[in-house]
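S.K.: Hey, dropping run-v8.txt in here, compact mmCIF, C-alpha atoms and all ligand atoms:
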# COMPACT_ATOMS: atom_id res chain seq x y z
CA MET A 1257 39.29 -89.09 -13.52
CA SER A 1258 41.17 -92.24 -12.59
CA ILE A 1259 44.48 -93.20 -14.17
CA PRO A 1260 42.90 -95.98 -16.31
CA GLU A 1261 40.28 -93.48 -17.51
CA ASN A 1262 43.02 -91.00 -18.40
CA LEU A 1263 44.81 -93.71 -20.35
CA ALA A 1264 41.64 -94.68 -22.20
CA LEU A 1265 41.01 -91.05 -23.09
CA VAL A 1266 44.56 -90.57 -24.40
CA ARG A 1267 44.16 -93.70 -26.52
CA ARG A 1268 40.87 -92.42 -27.93
CA ARG A 1269 42.45 -89.08 -28.78
CA ILE A 1270 45.33 -90.86 -30.54
CA ALA A 1271 42.89 -93.01 -32.54
CA LYS A 1272 40.76 -90.04 -33.50
CA LYS A 1273 43.68 -87.88 -34.57
CA ALA A 1274 45.29 -90.75 -36.49
CA ARG A 1275 42.06 -91.40 -38.34
CA SER A 1276 41.59 -87.75 -39.18
CA VAL A 1277 44.96 -87.63 -40.94
CA GLY A 1278 44.66 -91.05 -42.60
CA ARG A 1279 47.10 -92.84 -40.32
CA MET A 1280 46.76 -96.10 -38.38
CA GLN A 1281 46.56 -95.95 -34.60
CA GLU A 1282 48.87 -98.98 -34.46
CA ASP A 1283 51.60 -96.95 -36.14
CA ILE A 1284 51.79 -94.62 -33.16
CA LEU A 1285 53.52 -96.00 -30.08
CA LEU A 1286 52.42 -94.54 -26.77
CA VAL A 1287 55.13 -94.29 -24.13
CA ALA A 1288 53.66 -93.54 -20.69
CA VAL A 1289 56.16 -91.29 -18.91
CA SER A 1290 56.01 -92.17 -15.22
CA LYS A 1291 58.67 -89.84 -13.81
CA THR A 1292 57.93 -88.68 -10.24
CA PHE A 1293 55.14 -91.30 -9.96
CA PRO A 1294 55.59 -94.44 -7.87
CA ALA A 1295 55.81 -98.04 -9.01
CA SER A 1296 52.21 -98.54 -7.89
CA SER A 1297 51.02 -95.99 -10.51
CA VAL A 1298 53.04 -97.79 -13.18
CA GLU A 1299 51.36 -101.05 -12.16
CA GLU A 1300 47.94 -99.44 -12.42
CA VAL A 1301 48.64 -98.22 -15.95
CA ALA A 1302 50.23 -101.54 -16.93
CA ARG A 1303 47.17 -103.44 -15.72
CA ALA A 1304 45.09 -101.25 -18.00
CA GLY A 1305 47.06 -102.70 -20.91
CA GLN A 1306 49.94 -100.26 -21.31
CA LEU A 1307 53.26 -101.90 -22.22
CA HIS A 1308 55.72 -99.06 -22.87
CA PHE A 1309 56.91 -96.75 -20.10
CA GLY A 1310 59.38 -93.90 -19.95
CA GLU A 1311 61.59 -92.34 -17.31
CA SER A 1312 63.75 -89.27 -17.67
CA ARG A 1313 66.46 -90.09 -15.13
CA VAL A 1314 68.58 -93.20 -14.77
CA GLN A 1315 68.68 -92.86 -10.99
CA GLU A 1316 64.90 -92.72 -10.69
CA GLY A 1317 64.62 -95.70 -13.03
CA GLU A 1318 67.08 -97.60 -10.91
CA ASP A 1319 64.98 -96.99 -7.81
CA LYS A 1320 61.64 -97.71 -9.47
CA ILE A 1321 61.90 -100.19 -12.33
CA PRO A 1322 63.06 -103.23 -10.31
CA THR A 1323 60.19 -102.68 -7.85
CA VAL A 1324 57.42 -102.67 -10.47
CA ASN A 1325 55.47 -105.83 -9.95
CA VAL A 1326 54.47 -106.50 -13.57
CA SER A 1327 56.73 -108.40 -15.92
CA GLY A 1328 57.43 -107.78 -19.57
CA LEU A 1329 57.23 -103.99 -19.57
CA ILE A 1330 59.38 -102.09 -22.05
CA TRP A 1331 61.29 -99.13 -20.63
CA HIS A 1332 62.39 -96.04 -22.53
CA LEU A 1333 64.94 -93.53 -21.24
CA VAL A 1334 63.72 -90.15 -22.48
CA GLY A 1335 65.95 -87.77 -20.49
CA HIS A 1336 69.61 -86.79 -20.70
CA LEU A 1337 72.09 -89.61 -20.19
CA GLN A 1338 75.37 -88.88 -18.41
CA SER A 1339 78.34 -90.92 -19.57
CA ASN A 1340 79.00 -92.32 -16.11
CA LYS A 1341 75.54 -93.95 -16.11
CA LEU A 1342 75.70 -95.75 -19.44
CA LYS A 1343 76.07 -99.25 -18.13
CA ARG A 1344 73.26 -98.85 -15.60
CA ALA A 1345 71.05 -97.28 -18.28
CA LEU A 1346 71.62 -100.22 -20.60
CA GLN A 1347 70.73 -102.67 -17.86
CA LEU A 1348 67.47 -100.90 -17.03
CA PHE A 1349 66.17 -99.51 -20.32
CA HIS A 1350 65.30 -101.17 -23.61
CA TRP A 1351 65.25 -97.95 -25.66
CA ILE A 1352 67.25 -94.75 -25.33
CA HIS A 1353 65.61 -91.68 -26.87
CA SER A 1354 68.11 -89.11 -25.73
CA VAL A 1355 71.40 -89.71 -27.55
CA ASP A 1356 72.61 -86.15 -27.85
CA SER A 1357 76.14 -86.47 -29.24
CA ALA A 1358 78.22 -88.69 -31.50
CA SER A 1359 80.57 -89.40 -28.62
CA LEU A 1360 77.72 -90.64 -26.42
CA LEU A 1361 76.55 -92.84 -29.29
CA CYS A 1362 80.02 -94.41 -29.61
CA LYS A 1363 80.30 -94.96 -25.86
CA LEU A 1364 76.87 -96.58 -25.79
CA ASP A 1365 77.94 -98.89 -28.58
CA ARG A 1366 81.00 -100.01 -26.62
CA HIS A 1367 79.02 -100.63 -23.44
CA ALA A 1368 76.23 -102.42 -25.29
CA ALA A 1369 78.79 -104.66 -27.00
CA ALA A 1370 80.37 -105.47 -23.62
CA LEU A 1371 76.95 -106.44 -22.26
CA GLY A 1372 76.20 -108.47 -25.39
CA LYS A 1373 73.20 -106.27 -26.19
CA GLN A 1374 71.78 -104.64 -29.28
CA VAL A 1375 70.14 -101.40 -28.22
CA PRO A 1376 67.63 -99.31 -30.19
CA VAL A 1377 68.33 -95.60 -29.82
CA LEU A 1378 67.09 -92.29 -31.15
CA LEU A 1379 69.12 -89.18 -31.85
CA GLN A 1380 67.83 -86.19 -29.90
CA LEU A 1381 67.98 -83.00 -31.94
CA ASN A 1382 68.07 -79.45 -30.68
CA LEU A 1383 66.57 -77.35 -33.45
CA SER A 1384 65.89 -74.24 -31.43
CA GLY A 1385 69.48 -73.49 -30.53
CA GLU A 1386 68.47 -73.31 -26.88
CA THR A 1387 71.70 -73.69 -24.98
CA THR A 1388 69.84 -74.98 -21.95
CA LYS A 1389 68.57 -77.97 -23.91
CA PHE A 1390 70.40 -81.10 -24.82
CA GLY A 1391 70.50 -82.32 -28.38
CA ILE A 1392 72.51 -82.57 -31.55
CA SER A 1393 72.46 -79.42 -33.63
CA GLU A 1394 71.40 -79.69 -37.23
CA SER A 1395 74.94 -78.90 -38.34
CA ASP A 1396 76.27 -81.93 -36.42
CA LEU A 1397 73.74 -84.37 -37.84
CA ASP A 1398 75.90 -85.52 -40.78
CA SER A 1399 78.90 -86.37 -38.64
CA THR A 1400 76.66 -88.18 -36.14
CA LEU A 1401 75.11 -90.27 -38.92
CA ASP A 1402 78.56 -91.08 -40.25
CA ALA A 1403 79.60 -92.24 -36.79
CA ALA A 1404 76.41 -94.30 -36.44
CA LEU A 1405 77.22 -96.20 -39.63
CA GLN A 1406 80.39 -97.57 -38.02
CA LEU A 1407 78.62 -99.02 -34.97
CA LYS A 1408 77.31 -102.52 -34.44
CA SER A 1409 75.61 -102.67 -31.04
CA VAL A 1410 73.40 -99.60 -31.27
CA SER A 1411 70.70 -99.37 -33.91
CA VAL A 1412 69.72 -95.82 -34.72
CA GLU A 1413 65.97 -96.10 -35.12
CA GLY A 1414 65.11 -92.45 -35.63
CA LEU A 1415 65.03 -88.94 -34.23
CA MET A 1416 63.62 -87.32 -31.10
CA ILE A 1417 62.88 -83.77 -30.09
CA ILE A 1418 61.68 -81.77 -27.11
CA PRO A 1419 60.66 -78.46 -28.65
CA PRO A 1420 60.56 -75.25 -26.60
CA PHE A 1421 57.43 -75.08 -24.45
CA TYR A 1422 54.65 -72.92 -25.88
CA ASP A 1423 51.22 -72.46 -24.34
CA ASP A 1424 49.87 -72.76 -27.85
CA PRO A 1425 50.66 -76.32 -28.99
CA THR A 1426 50.44 -75.37 -32.66
CA ALA A 1427 53.59 -73.29 -32.14
CA ALA A 1428 55.61 -76.52 -31.80
CA ARG A 1429 54.56 -77.65 -35.26
CA PRO A 1430 57.50 -76.15 -37.20
CA PHE A 1431 59.86 -78.17 -34.97
CA PHE A 1432 57.91 -81.38 -35.56
CA ARG A 1433 57.85 -80.71 -39.29
CA ARG A 1434 61.56 -79.99 -39.42
CA LEU A 1435 62.31 -83.20 -37.50
CA ARG A 1436 60.34 -85.13 -40.06
CA GLU A 1437 62.30 -83.52 -42.89
CA LEU A 1438 65.52 -84.42 -41.11
CA LEU A 1439 64.37 -88.03 -40.78
CA ASP A 1440 63.79 -88.17 -44.53
CA TYR A 1441 67.18 -86.57 -45.08
CA SER A 1442 68.86 -89.06 -42.72
CA LYS A 1443 67.30 -92.02 -44.53
CA LYS A 1444 68.82 -90.78 -47.79
CA ARG A 1445 72.17 -89.88 -46.32
CA ALA A 1446 72.55 -93.13 -44.34
CA PRO A 1447 70.27 -95.75 -45.91
CA ALA A 1448 71.93 -98.55 -43.95
CA LEU A 1449 70.50 -97.22 -40.67
CA PRO A 1450 67.01 -98.39 -39.57
CA MET A 1451 65.83 -94.73 -39.22
CA LYS A 1452 62.06 -94.90 -39.19
CA HIS A 1453 60.84 -93.33 -35.94
CA LEU A 1454 59.96 -89.81 -34.89
CA SER A 1455 59.67 -89.49 -31.10
CA MET A 1456 57.83 -86.23 -30.64
CA GLY A 1457 54.77 -84.91 -28.85
CA MET A 1458 53.95 -84.78 -25.13
CA SER A 1459 50.72 -84.30 -23.16
CA HIS A 1460 49.87 -80.86 -24.48
CA ASP A 1461 50.92 -81.29 -28.11
CA PHE A 1462 50.78 -84.98 -29.06
CA GLU A 1463 47.90 -84.42 -31.46
CA GLU A 1464 49.91 -81.83 -33.39
CA ALA A 1465 52.86 -84.23 -33.38
CA ILE A 1466 50.70 -87.05 -34.79
CA GLU A 1467 49.56 -84.76 -37.58
CA GLU A 1468 53.20 -84.05 -38.37
CA GLY A 1469 54.14 -87.73 -38.47
CA ALA A 1470 55.10 -88.79 -34.93
CA THR A 1471 55.50 -92.57 -34.59
CA ILE A 1472 56.28 -92.44 -30.85
CA ILE A 1473 54.64 -90.03 -28.42
CA ARG A 1474 55.76 -89.56 -24.82
CA VAL A 1475 52.87 -88.76 -22.52
CA GLY A 1476 53.12 -88.20 -18.78
CA THR A 1477 50.69 -85.70 -17.25
CA ALA A 1478 47.69 -86.65 -19.39
CA ILE A 1479 47.93 -90.21 -18.04
CA PHE A 1480 49.36 -89.95 -14.53
CA GLY A 1481 48.11 -86.50 -13.59
CA ARG A 1482 50.10 -83.42 -12.69
CA ARG A 1483 53.56 -83.77 -11.24
CA GLU A 1484 54.36 -81.91 -8.06
CA ALA A 1485 56.64 -78.95 -8.62
CA LYS A 1486 60.31 -79.70 -8.09
CA LYS A 1487 61.49 -78.97 -4.58
C1 LIG B 1 58.39 -85.47 -18.75
C2 LIG B 1 58.67 -85.78 -20.16
C3 LIG B 1 57.63 -86.14 -21.04
C4 LIG B 1 56.18 -86.15 -20.65
O1 LIG B 1 55.74 -84.85 -20.42
P1 LIG B 1 54.19 -84.51 -20.16
O2 LIG B 1 54.10 -83.08 -20.51
O3 LIG B 1 53.94 -84.75 -18.72
O4 LIG B 1 53.39 -85.37 -21.02
C5 LIG B 1 57.97 -86.43 -22.35
N1 LIG B 1 59.25 -86.40 -22.78
C6 LIG B 1 60.27 -86.08 -21.97
C7 LIG B 1 61.65 -86.07 -22.50
C8 LIG B 1 60.01 -85.75 -20.63
O5 LIG B 1 61.05 -85.42 -19.84
Output the file's structure as structure tokens, nothing else.
Ligand SMILES: *Cc1c(COP(=O)(O)O)cnc(C)c1O

M.R.:
Amino acid sequence: MSIPENLALVRRRIAKKARSVGRMQEDILLVAVSKTFPASSVEEVARAGQLHFGESRVQEGEDKIPTVNVSGLIWHLVGHLQSNKLKRALQLFHWIHSVDSASLLCKLDRHAAALGKQVPVLLQLNLSGETTKFGISESDLDSTLDAALQLKSVSVEGLMIIPPFYDDPTAARPFFRRLRELLDYSKKRAPALPMKHLSMGMSHDFEEAIEEGATIIRVGTAIFGRREAKK
């Protein structure tokens, strides 16, 4: 299948799943994750009507985003952000999904203020205790929310998770469900924060994520095709 056909199929699957659980398709934002794919593939997907794109590395975004020949696209950083790349990240990306510590949040706020920007961000949680994964642990959520309340140039729009990979997508469900509970908790604990989004679900489990309340899904392979293995 061609890339536009893949995109159309993903959109149909989103619509069908949303309907089946009584949700509106418009309430689920599709971010097309273009990592490892060239600017020409982004253009192809954009011409098929896709507006939101994601990259997982600042460096790759820096090489690719300025060369994409379609204006008005909205870029999401979905991968780990190193503190020495904050300024560059803020210049390239409109949303940052991967804020994985209170200190990163505070640094982002300072850089965003210096650039005169207001940046929507999500807090990435690590609920599996995997030490190889980035993310705020559940026990650090309160202190991160408290820090967020002091900041003016970042708006904390919700939570994000990359659950452990399971062949069986239903196995990720408890993580999606827990993230949703933590969003509800965060709204109560810090009502002044915007806190309305759940960024969860990728190519192999976005339908499960939609059932569990995802408002943003991040889909790469199902749109662009398989990525070549890392060299
Ligand atoms: C690569 C990536 C995705 C997309 O993954 P697919 O399985 O290709 O859909 C989503 N989120 C993050 C954080 C990623 O790094």

S.K.: Residues near Ser1354 of chain A, anyone? I mean within 9 Å using only C-alpha atoms, not counting same-chain ones fewer than 5 positions away, as a list in words.

M.R.: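 Those residues are Leu1333, Val1334, Gly1335, His1336, Leu1337, Val1377, Leu1378, Leu1379, Gln1380, Leu1381, Phe1390, Gly1391, Met1416 and Ile1417 of chain A.
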
S.K.: For ligand LIG 1 (chain B), collect every residue having any atom at a distance of at most 6 Å from a ligand atom (counting all atoms listed in the file); output as a ChimeraX atom specification.

M.R.: /A:1289,1312,1334-1335,1458-1459,1474-1477

S.K.: Take the residues that were just selected and, keeping C-alpha atoms, output them as a CSV table (one decimal), in the coordinates of the input.

M.R.:
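Saved to part_32.csv:
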chain,number,residue,atom,x,y,z
A,1289,VAL,CA,56.2,-91.3,-18.9
A,1312,SER,CA,63.8,-89.3,-17.7
A,1334,VAL,CA,63.7,-90.2,-22.5
A,1335,GLY,CA,66.0,-87.8,-20.5
A,1458,MET,CA,54.0,-84.8,-25.1
A,1459,SER,CA,50.7,-84.3,-23.2
A,1474,ARG,CA,55.8,-89.6,-24.8
A,1475,VAL,CA,52.9,-88.8,-22.5
A,1476,GLY,CA,53.1,-88.2,-18.8
A,1477,THR,CA,50.7,-85.7,-17.2

S.K.: Taking 2 positions as the minimum chain separation for residues in the same chain, which residues sit within 12 Å of His1460 of chain A when counting only C-alpha atoms? Answer as a list in words.

M.R.: Val1266, Arg1269, Pro1419, Phe1421, Tyr1422, Asp1423, Asp1424, Pro1425, Thr1426, Ala1427, Ala1428, Met1456, Gly1457, Met1458, Phe1462, Glu1463, Glu1464, Ala1465, Ile1473, Arg1474, Val1475, Gly1476, Thr1477, Ala1478 and Ile1479 of chain A

S.K.: Could you tell me how far atom CA of Glu1467 of chain A sits from atom CA of Leu1449 of chain A, in Å to one decimal place?

M.R.: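 So the two atoms, atom CA of Leu1449 of chain A and atom CA of Glu1467 of chain A, lie 24.6 Å apart.
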
S.K.: Separation of atom CA of Leu1342 of chain A and atom CA of Glu1318 of chain A, in Å?

M.R.: 12.3 Å

S.K.: For the point (65.0, -98.5, -35.7) in the file's frame, write as a list in words all residues with an atom no more than 6 Å away, counting only C-alpha atoms.

M.R.: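 The residues that fall inside the cut-off are Val1412, Glu1413, Pro1450, Met1451 and Lys1452 of chain A.
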
S.K.: List as a list of chain:residue names the protein and nucleic acid residues near Asn1325 of chain A, meaning an atom at most 12 Å away when only C-alpha atoms are counted, but skip any in the same chain fewer than 2 places from it.

M.R.: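 Once the nearby chain positions are removed, what remains is A:Pro1294, A:Ala1295, A:Ser1296, A:Ser1297, A:Val1298, A:Glu1299, A:Glu1300, A:Val1301, A:Ala1302, A:Arg1303, A:Lys1320, A:Ile1321, A:Pro1322, A:Thr1323, A:Ser1327, A:Gly1328, A:Leu1329.
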
S.K.: Which one is closest to Asp1398 of chain A: A:Ser1290, A:Thr1471, A:Ser1442, A:Asn1382? Count all atoms listed in the file.

M.R.: A:Ser1442

S.K.: Atom CA of Gly1414 of chain A and atom CA of Glu1394 of chain A, how far apart in Å?

M.R.: 14.3 Å

S.K.: If we count all atoms listed in the file, what is near segment 1400-1410 of chain A at a cut-off of 12 Å, once residues fewer than 4 positions away on the same chain are taken out, given as a PyMOL selection string?

M.R.: chain A and resi 1346+1350-1353+1355-1381+1391-1396+1414-1415+1438-1439+1441-1451

S.K.: I want to know what sits within 7 Å of Ile1330 of chain A, based on only C-alpha atoms, with residues of the same chain fewer than 3 positions away left out; could you give that as a PyMOL selection string?

M.R.: chain A and resi 1307-1309+1350

S.K.: Which is closer to Arg1482 of chain A than all the others in A:Arg1279, A:Lys1341, A:Arg1433, A:Lys1291, using all atoms listed in the file?

M.R.: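 Answer, going by the shortest atom-to-atom distance: A:Lys1291.
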
S.K.: Please output segment 1348-1359 of chain A, rebuilt to include all heavy atoms, as a PDB file, keeping the file's coordinate frame.

M.R.:
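The result, stored in rebuild.pdb:
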ATOM      1  N   LEU A1348      68.845-101.199 -17.444  1.00  0.00           N
ATOM      2  CA  LEU A1348      67.470-100.900 -17.030  1.00  0.00           C
ATOM      3  C   LEU A1348      66.521-100.656 -18.211  1.00  0.00           C
ATOM      4  O   LEU A1348      65.342-100.985 -18.144  1.00  0.00           O
ATOM      5  CB  LEU A1348      67.449 -99.635 -16.160  1.00  0.00           C
ATOM      6  CG  LEU A1348      68.054 -99.768 -14.763  1.00  0.00           C
ATOM      7  CD1 LEU A1348      68.385 -98.386 -14.201  1.00  0.00           C
ATOM      8  CD2 LEU A1348      67.095-100.505 -13.831  1.00  0.00           C
ATOM      9  N   PHE A1349      67.046-100.009 -19.249  1.00  0.00           N
ATOM     10  CA  PHE A1349      66.170 -99.510 -20.320  1.00  0.00           C
ATOM     11  C   PHE A1349      66.362-100.286 -21.617  1.00  0.00           C
ATOM     12  O   PHE A1349      67.481-100.663 -21.967  1.00  0.00           O
ATOM     13  CB  PHE A1349      66.450 -98.019 -20.565  1.00  0.00           C
ATOM     14  CG  PHE A1349      66.073 -97.143 -19.399  1.00  0.00           C
ATOM     15  CD1 PHE A1349      67.012 -96.774 -18.447  1.00  0.00           C
ATOM     16  CD2 PHE A1349      64.764 -96.695 -19.257  1.00  0.00           C
ATOM     17  CE1 PHE A1349      66.654 -95.976 -17.357  1.00  0.00           C
ATOM     18  CE2 PHE A1349      64.399 -95.894 -18.176  1.00  0.00           C
ATOM     19  CZ  PHE A1349      65.349 -95.539 -17.226  1.00  0.00           C
ATOM     20  N   HIS A1350      65.251-100.470 -22.327  1.00  0.00           N
ATOM     21  CA  HIS A1350      65.300-101.170 -23.610  1.00  0.00           C
ATOM     22  C   HIS A1350      65.560-100.211 -24.764  1.00  0.00           C
ATOM     23  O   HIS A1350      66.103-100.600 -25.800  1.00  0.00           O
ATOM     24  CB  HIS A1350      63.976-101.902 -23.858  1.00  0.00           C
ATOM     25  CG  HIS A1350      63.631-102.852 -22.759  1.00  0.00           C
ATOM     26  ND1 HIS A1350      62.865-102.492 -21.672  1.00  0.00           N
ATOM     27  CD2 HIS A1350      63.992-104.139 -22.563  1.00  0.00           C
ATOM     28  CE1 HIS A1350      62.745-103.534 -20.857  1.00  0.00           C
ATOM     29  NE2 HIS A1350      63.418-104.542 -21.371  1.00  0.00           N
ATOM     30  N   TRP A1351      65.075 -98.963 -24.603  1.00  0.00           N
ATOM     31  CA  TRP A1351      65.250 -97.950 -25.660  1.00  0.00           C
ATOM     32  C   TRP A1351      65.875 -96.710 -25.028  1.00  0.00           C
ATOM     33  O   TRP A1351      65.536 -96.360 -23.896  1.00  0.00           O
ATOM     34  CB  TRP A1351      63.884 -97.508 -26.201  1.00  0.00           C
ATOM     35  CG  TRP A1351      63.264 -98.411 -27.204  1.00  0.00           C
ATOM     36  CD1 TRP A1351      62.731 -99.647 -26.974  1.00  0.00           C
ATOM     37  CD2 TRP A1351      63.080 -98.140 -28.600  1.00  0.00           C
ATOM     38  NE1 TRP A1351      62.222-100.157 -28.145  1.00  0.00           N
ATOM     39  CE2 TRP A1351      62.422 -99.256 -29.153  1.00  0.00           C
ATOM     40  CE3 TRP A1351      63.407 -97.065 -29.433  1.00  0.00           C
ATOM     41  CZ2 TRP A1351      62.083 -99.334 -30.511  1.00  0.00           C
ATOM     42  CZ3 TRP A1351      63.067 -97.132 -30.777  1.00  0.00           C
ATOM     43  CH2 TRP A1351      62.415 -98.265 -31.310  1.00  0.00           C
ATOM     44  N   ILE A1352      66.711 -96.020 -25.799  1.00  0.00           N
ATOM     45  CA  ILE A1352      67.250 -94.750 -25.330  1.00  0.00           C
ATOM     46  C   ILE A1352      66.927 -93.673 -26.371  1.00  0.00           C
ATOM     47  O   ILE A1352      67.362 -93.753 -27.517  1.00  0.00           O
ATOM     48  CB  ILE A1352      68.766 -94.876 -25.060  1.00  0.00           C
ATOM     49  CG1 ILE A1352      68.926 -95.920 -23.938  1.00  0.00           C
ATOM     50  CG2 ILE A1352      69.360 -93.513 -24.669  1.00  0.00           C
ATOM     51  CD1 ILE A1352      70.259 -96.111 -23.376  1.00  0.00           C
ATOM     52  N   HIS A1353      66.089 -92.716 -25.945  1.00  0.00           N
ATOM     53  CA  HIS A1353      65.610 -91.680 -26.870  1.00  0.00           C
ATOM     54  C   HIS A1353      66.527 -90.468 -26.939  1.00  0.00           C
ATOM     55  O   HIS A1353      66.311 -89.596 -27.765  1.00  0.00           O
ATOM     56  CB  HIS A1353      64.250 -91.137 -26.392  1.00  0.00           C
ATOM     57  CG  HIS A1353      63.107 -92.072 -26.568  1.00  0.00           C
ATOM     58  ND1 HIS A1353      61.889 -91.664 -27.078  1.00  0.00           N
ATOM     59  CD2 HIS A1353      62.967 -93.387 -26.293  1.00  0.00           C
ATOM     60  CE1 HIS A1353      61.050 -92.682 -27.101  1.00  0.00           C
ATOM     61  NE2 HIS A1353      61.674 -93.748 -26.625  1.00  0.00           N
ATOM     62  N   SER A1354      67.466 -90.382 -26.001  1.00  0.00           N
ATOM     63  CA  SER A1354      68.110 -89.110 -25.730  1.00  0.00           C
ATOM     64  C   SER A1354      69.606 -89.117 -26.039  1.00  0.00           C
ATOM     65  O   SER A1354      70.394 -88.554 -25.299  1.00  0.00           O
ATOM     66  CB  SER A1354      67.884 -88.775 -24.257  1.00  0.00           C
ATOM     67  OG  SER A1354      68.081 -89.952 -23.453  1.00  0.00           O
ATOM     68  N   VAL A1355      69.993 -89.735 -27.153  1.00  0.00           N
ATOM     69  CA  VAL A1355      71.400 -89.710 -27.550  1.00  0.00           C
ATOM     70  C   VAL A1355      71.683 -88.354 -28.168  1.00  0.00           C
ATOM     71  O   VAL A1355      71.150 -88.021 -29.227  1.00  0.00           O
ATOM     72  CB  VAL A1355      71.719 -90.859 -28.530  1.00  0.00           C
ATOM     73  CG1 VAL A1355      73.151 -90.737 -29.033  1.00  0.00           C
ATOM     74  CG2 VAL A1355      71.486 -92.204 -27.857  1.00  0.00           C
ATOM     75  N   ASP A1356      72.478 -87.551 -27.448  1.00  0.00           N
ATOM     76  CA  ASP A1356      72.610 -86.150 -27.850  1.00  0.00           C
ATOM     77  C   ASP A1356      74.007 -85.768 -28.322  1.00  0.00           C
ATOM     78  O   ASP A1356      74.324 -84.590 -28.431  1.00  0.00           O
ATOM     79  CB  ASP A1356      72.138 -85.228 -26.714  1.00  0.00           C
ATOM     80  CG  ASP A1356      72.818 -85.543 -25.393  1.00  0.00           C
ATOM     81  OD1 ASP A1356      73.851 -86.238 -25.421  1.00  0.00           O
ATOM     82  OD2 ASP A1356      72.332 -85.094 -24.348  1.00  0.00           O
ATOM     83  N   SER A1357      74.845 -86.767 -28.604  1.00  0.00           N
ATOM     84  CA  SER A1357      76.140 -86.470 -29.240  1.00  0.00           C
ATOM     85  C   SER A1357      76.687 -87.742 -29.874  1.00  0.00           C
ATOM     86  O   SER A1357      76.319 -88.856 -29.495  1.00  0.00           O
ATOM     87  CB  SER A1357      77.145 -85.949 -28.204  1.00  0.00           C
ATOM     88  OG  SER A1357      77.534 -86.992 -27.337  1.00  0.00           O
ATOM     89  N   ALA A1358      77.584 -87.544 -30.854  1.00  0.00           N
ATOM     90  CA  ALA A1358      78.220 -88.690 -31.500  1.00  0.00           C
ATOM     91  C   ALA A1358      79.082 -89.442 -30.488  1.00  0.00           C
ATOM     92  O   ALA A1358      79.161 -90.670 -30.518  1.00  0.00           O
ATOM     93  CB  ALA A1358      79.068 -88.221 -32.684  1.00  0.00           C
ATOM     94  N   SER A1359      79.693 -88.703 -29.568  1.00  0.00           N
ATOM     95  CA  SER A1359      80.570 -89.400 -28.620  1.00  0.00           C
ATOM     96  C   SER A1359      79.753 -90.276 -27.666  1.00  0.00           C
ATOM     97  O   SER A1359      80.155 -91.392 -27.340  1.00  0.00           O
ATOM     98  CB  SER A1359      81.483 -88.407 -27.876  1.00  0.00           C
ATOM     99  OG  SER A1359      80.860 -87.900 -26.736  1.00  0.00           O
TER     100      SER A1359
END
